[in-house]
Amino acid sequence: MATLLRGAEVVSALNERIQSEVAALKKRGVVPTLAILRVGEKPDDLAYERGAMKRAETVGIAIRQIVLPETVSQEALLAEIAQINADDSIHGCLMLRPLPKHIDDLRAREALLPEKDIDGITQGSLAGVFSGTKRGFPPCTAKACMEILAYYNIDPSGKNAVVIGRSLVIGKPVAMMLLQKNATVTICHTRTKDMPSETKRAEILIVAAGKPGVVGAEYVSPGQRVLDVGINFNDEGKMTGDVDFSAVEPIVGAITPVPGGVGTVTTSVLMAHVVEAARRAIER
């Protein structure tokens with residue numbers, strides 16, 4: 001029976017650390033502040049916003065809500081982003097996406113300064129991830145994977161790590177972050193031949209395939225640590241991961257549950273990035 005790598009324990013430790021850092025910043029007269037930029041009233045956006053606001057309140061981070069109509073023009077959105085960039089009291093910005101179809105998503109993302117991009121959506125932030133420099137921030141879900149490994153004392157150094165998925169949101173950045181921790185990294189994707197032969201030799205397996213239950217028993221080996229990043233919903237409305245949990249859990253050494261795993265940690269990582277952005281602003 002595998003050890004469950006539960007996100008709640010990671011969140012508790014992260015929140016305690018963040019609260020301490022927020023208190024230290026406030027003693028210096030700085031209140032870490034997150035701007036949440038939302039266009040329209042999509043239910044998913046509203047739910048994520050509520051979760052972020054609740055987590056911010058828990059750790060003492062201030063929130064600025066900026067809500068624009070669904071019909072906002074590209075120019076008006078860019079002007080709002082420019083104001084966020086210019087406001088020194090705002091340390092990070094969460095721009096809820098996807099944006100309406102009439103908005104050029106790339107232009108909107110690139111208008112945001114990497115220094116305030118706390119969710120890794122700009123090319124500047126991604127360049128920082130790939131170069132290993134402190135410019136911008138990695139995508140929160142990718143960083144959440146690394147926080148889970150760190151909390152459970154799973155050291156990537158010298159280990160074979162396999163990542164399924166090559167998106168800029170999870171696959172590529174988490175592969176680079178594992179590489180920076182001295183893992184030997186293989187990235188698998190839809191064109192990988194004989195994927196099970198690649199994944200079975202991994203000591204750390206991170207699954208971000210975007211397809212429910214794609215990783216079954218034939219993909220894993222005893223003792224592996226498996227992080228399931230997938231968020232899917234079956235016909236009954238139940239949340240499931242990209243890993244067939246019931247088939248894989250009896251085999252591997254440790255695994256994140258879905259729900260209750262990687263996704264649980266993501267919002268706390270977002271808050272940690274806001275605090276780090278505030279600290280960097282002081283240093284600048």
# chains A, B, ... in the order shown; residues from 1 in each chain; ligands from 1
$ closest_atom_pairs --of "stretch 15-76 of chain A" --to "stretch 94-112 of chain A" --cutoff "6 Å" --atoms "only C-alpha atoms" --output "tab-separated table"
residue	atom	partner	partner_atom	distance
A:Ile36	CA	A:Leu94	CA	4.8
A:Leu37	CA	A:Met95	CA	4.7
A:Arg38	CA	A:Leu96	CA	5.4
A:Gln74	CA	A:Ile103	CA	5.6
$ write_last_selection --atoms "all heavy atoms" --output "short mmCIF file (atom, residue, chain, number, x, y, z; two decimals), in the first residue's frame"
data_model
loop_
_atom_site.label_atom_id
_atom_site.label_comp_id
_atom_site.auth_asym_id
_atom_site.auth_seq_id
_atom_site.Cartn_x
_atom_site.Cartn_y
_atom_site.Cartn_z
N ILE A 36 -6.05 40.64 -8.27
CA ILE A 36 -6.72 39.60 -9.05
C ILE A 36 -7.48 40.29 -10.17
O ILE A 36 -8.41 41.06 -9.92
CB ILE A 36 -7.68 38.77 -8.18
CG1 ILE A 36 -6.92 38.08 -7.05
CG2 ILE A 36 -8.40 37.73 -9.04
CD1 ILE A 36 -7.79 37.25 -6.13
N LEU A 37 -7.05 40.04 -11.39
CA LEU A 37 -7.64 40.68 -12.57
C LEU A 37 -8.56 39.68 -13.24
O LEU A 37 -8.12 38.65 -13.76
CB LEU A 37 -6.53 41.13 -13.52
CG LEU A 37 -6.95 41.77 -14.84
CD1 LEU A 37 -7.86 42.97 -14.62
CD2 LEU A 37 -5.72 42.16 -15.66
N ARG A 38 -9.85 40.00 -13.22
CA ARG A 38 -10.85 39.10 -13.80
C ARG A 38 -11.65 39.82 -14.87
O ARG A 38 -12.08 40.96 -14.68
CB ARG A 38 -11.78 38.55 -12.73
CG ARG A 38 -12.98 37.79 -13.27
CD ARG A 38 -13.67 36.98 -12.19
NE ARG A 38 -14.02 37.74 -11.01
CZ ARG A 38 -15.14 38.47 -10.88
NH1 ARG A 38 -15.99 38.56 -11.88
NH2 ARG A 38 -15.38 39.11 -9.75
N GLN A 74 -9.37 45.28 -26.00
CA GLN A 74 -7.96 44.95 -25.79
C GLN A 74 -7.22 46.13 -25.18
O GLN A 74 -6.44 45.98 -24.23
CB GLN A 74 -7.32 44.58 -27.13
CG GLN A 74 -5.85 44.17 -27.03
CD GLN A 74 -5.67 42.69 -26.77
OE1 GLN A 74 -6.32 41.88 -27.39
NE2 GLN A 74 -4.77 42.34 -25.88
#
$ select_by_dssp --residues "stretch 54-249 of chain A" --states "helix (DSSP H, G or I)" --output "PyMOL selection string"
chain A and resi 54-59+74-86+105-111+114-116+123-131+140-151+171-180+195-199+217-219+245-248
$ closest_residue --among "A:Thr122, A:Thr256, A:Ser167, A:Thr186" --to "A:Ala209" --atoms "only C-alpha atoms"
A:Ser167
$ residues_around --residues "A:Gly213" --least-positions-apart "4" --cutoff "7 Å" --atoms "only C-alpha atoms" --output "list in words"
Gly241, Asp242, Val243 and Asp244 of chain A
$ residues_around --residues "A:Ser125" --least-positions-apart "2" --cutoff "7 Å" --atoms "only C-alpha atoms" --output "ChimeraX atom specification"
/A:114,120-123,127-129,135-138
$ residues_around --residues "A:Lys238" --least-positions-apart "3" --cutoff "12 Å" --atoms "only C-alpha atoms" --output "VMD selection string"
chain A and resid 212 231 to 235 241 258 to 259
$ write_last_selection --atoms "all heavy atoms" --output "JSON list (two decimals), in the first residue's frame"
[["chain", "number", "residue", "atom", "x", "y", "z"],
["A", 212, "PRO", "N", -7.80, 11.50, -18.42],
["A", 212, "PRO", "CA", -8.10, 10.73, -17.21],
["A", 212, "PRO", "C", -7.68, 9.27, -17.29],
["A", 212, "PRO", "O", -7.90, 8.60, -18.30],
["A", 212, "PRO", "CB", -9.62, 10.85, -17.08],
["A", 212, "PRO", "CG", -10.11, 11.22, -18.45],
["A", 212, "PRO", "CD", -9.01, 12.03, -19.06],
["A", 231, "ILE", "N", -6.53, 16.93, -13.45],
["A", 231, "ILE", "CA", -7.84, 17.27, -12.89],
["A", 231, "ILE", "C", -8.88, 17.01, -13.98],
["A", 231, "ILE", "O", -8.96, 17.75, -14.97],
["A", 231, "ILE", "CB", -7.91, 18.73, -12.42],
["A", 231, "ILE", "CG1", -6.90, 18.97, -11.28],
["A", 231, "ILE", "CG2", -9.32, 19.08, -11.93],
["A", 231, "ILE", "CD1", -6.87, 20.40, -10.79],
["A", 232, "ASN", "N", -9.63, 15.96, -13.80],
["A", 232, "ASN", "CA", -10.66, 15.57, -14.77],
["A", 232, "ASN", "C", -11.93, 15.22, -13.99],
["A", 232, "ASN", "O", -11.90, 15.01, -12.79],
["A", 232, "ASN", "CB", -10.20, 14.33, -15.56],
["A", 232, "ASN", "CG", -8.80, 14.47, -16.13],
["A", 232, "ASN", "OD1", -8.58, 15.16, -17.10],
["A", 232, "ASN", "ND2", -7.83, 13.81, -15.50],
["A", 233, "PHE", "N", -13.03, 15.16, -14.71],
["A", 233, "PHE", "CA", -14.30, 14.79, -14.08],
["A", 233, "PHE", "C", -14.95, 13.69, -14.90],
["A", 233, "PHE", "O", -15.07, 13.80, -16.13],
["A", 233, "PHE", "CB", -15.22, 16.00, -13.98],
["A", 233, "PHE", "CG", -14.73, 17.05, -13.02],
["A", 233, "PHE", "CD1", -13.90, 18.07, -13.46],
["A", 233, "PHE", "CD2", -15.07, 16.99, -11.68],
["A", 233, "PHE", "CE1", -13.43, 19.03, -12.58],
["A", 233, "PHE", "CE2", -14.60, 17.94, -10.79],
["A", 233, "PHE", "CZ", -13.77, 18.97, -11.24],
["A", 234, "ASN", "N", -15.35, 12.61, -14.22],
["A", 234, "ASN", "CA", -15.98, 11.49, -14.92],
["A", 234, "ASN", "C", -17.47, 11.76, -15.14],
["A", 234, "ASN", "O", -17.98, 12.83, -14.80],
["A", 234, "ASN", "CB", -15.75, 10.18, -14.17],
["A", 234, "ASN", "CG", -16.35, 10.18, -12.77],
["A", 234, "ASN", "OD1", -17.25, 10.95, -12.47],
["A", 234, "ASN", "ND2", -15.87, 9.27, -11.93],
["A", 235, "ASP", "N", -18.16, 10.78, -15.68],
["A", 235, "ASP", "CA", -19.58, 10.96, -16.02],
["A", 235, "ASP", "C", -20.44, 11.22, -14.79],
["A", 235, "ASP", "O", -21.53, 11.81, -14.90],
["A", 235, "ASP", "CB", -20.10, 9.71, -16.75],
["A", 235, "ASP", "CG", -19.44, 9.52, -18.11],
["A", 235, "ASP", "OD1", -18.93, 10.54, -18.64],
["A", 235, "ASP", "OD2", -19.43, 8.40, -18.62],
["A", 241, "GLY", "N", -7.84, 11.89, -11.51],
["A", 241, "GLY", "CA", -6.55, 12.33, -12.03],
["A", 241, "GLY", "C", -6.23, 11.70, -13.37],
["A", 241, "GLY", "O", -7.07, 11.06, -14.01],
["A", 258, "VAL", "N", -6.07, 12.38, -5.90],
["A", 258, "VAL", "CA", -6.87, 13.39, -6.61],
["A", 258, "VAL", "C", -8.33, 13.13, -6.27],
["A", 258, "VAL", "O", -8.84, 12.05, -6.56],
["A", 258, "VAL", "CB", -6.66, 13.31, -8.14],
["A", 258, "VAL", "CG1", -7.55, 14.34, -8.83],
["A", 258, "VAL", "CG2", -5.20, 13.52, -8.52],
["A", 259, "PRO", "N", -9.00, 14.09, -5.62],
["A", 259, "PRO", "CA", -8.47, 15.38, -5.14],
["A", 259, "PRO", "C", -7.63, 15.20, -3.88],
["A", 259, "PRO", "O", -7.53, 14.10, -3.35],
["A", 259, "PRO", "CB", -9.74, 16.18, -4.86],
["A", 259, "PRO", "CG", -10.75, 15.13, -4.48],
["A", 259, "PRO", "CD", -10.44, 13.93, -5.34]]
$ residues_around --residues "A:Val10" --least-positions-apart "6" --cutoff "9 Å" --atoms "only C-alpha atoms" --output "list in words"
Glu147, Ile148, Tyr151, Tyr152, Thr264 and Val265 of chain A
$ write_last_selection --atoms "C-alpha atoms" --output "mmCIF file, in the first residue's frame"
data_model
loop_
_atom_site.group_PDB
_atom_site.id
_atom_site.type_symbol
_atom_site.label_atom_id
_atom_site.label_comp_id
_atom_site.auth_asym_id
_atom_site.auth_seq_id
_atom_site.Cartn_x
_atom_site.Cartn_y
_atom_site.Cartn_z
ATOM 1 C CA GLU A 147 6.987 21.749 -2.797
ATOM 2 C CA ILE A 148 5.422 18.310 -2.316
ATOM 3 C CA TYR A 151 8.005 18.428 2.166
ATOM 4 C CA TYR A 152 8.087 14.632 1.951
ATOM 5 C CA THR A 264 -4.489 21.605 -3.012
ATOM 6 C CA VAL A 265 -1.013 23.115 -2.818
#
$ closest_residue --among "A:Ala56, A:Met239, A:Leu14, A:Leu68" --to "A:Gly40" --atoms "only C-alpha atoms"
A:Leu68
$ atom_distance --atom1 "atom CA of A:Ile170" --atom2 "atom CA of A:Ala142"
5.0 Å
$ atom_distance --atom1 "atom CA of A:Glu203" --atom2 "atom CA of A:Asn15"
28.5 Å
$ residues_around --residues "A:Leu168" --least-positions-apart "4" --cutoff "9 Å" --atoms "only C-alpha atoms" --output "PyMOL selection string"
chain A and resi 121+126+139+172-173
$ atom_distance --atom1 "atom CA of A:Pro196" --atom2 "atom CA of A:Val248"
12.8 Å
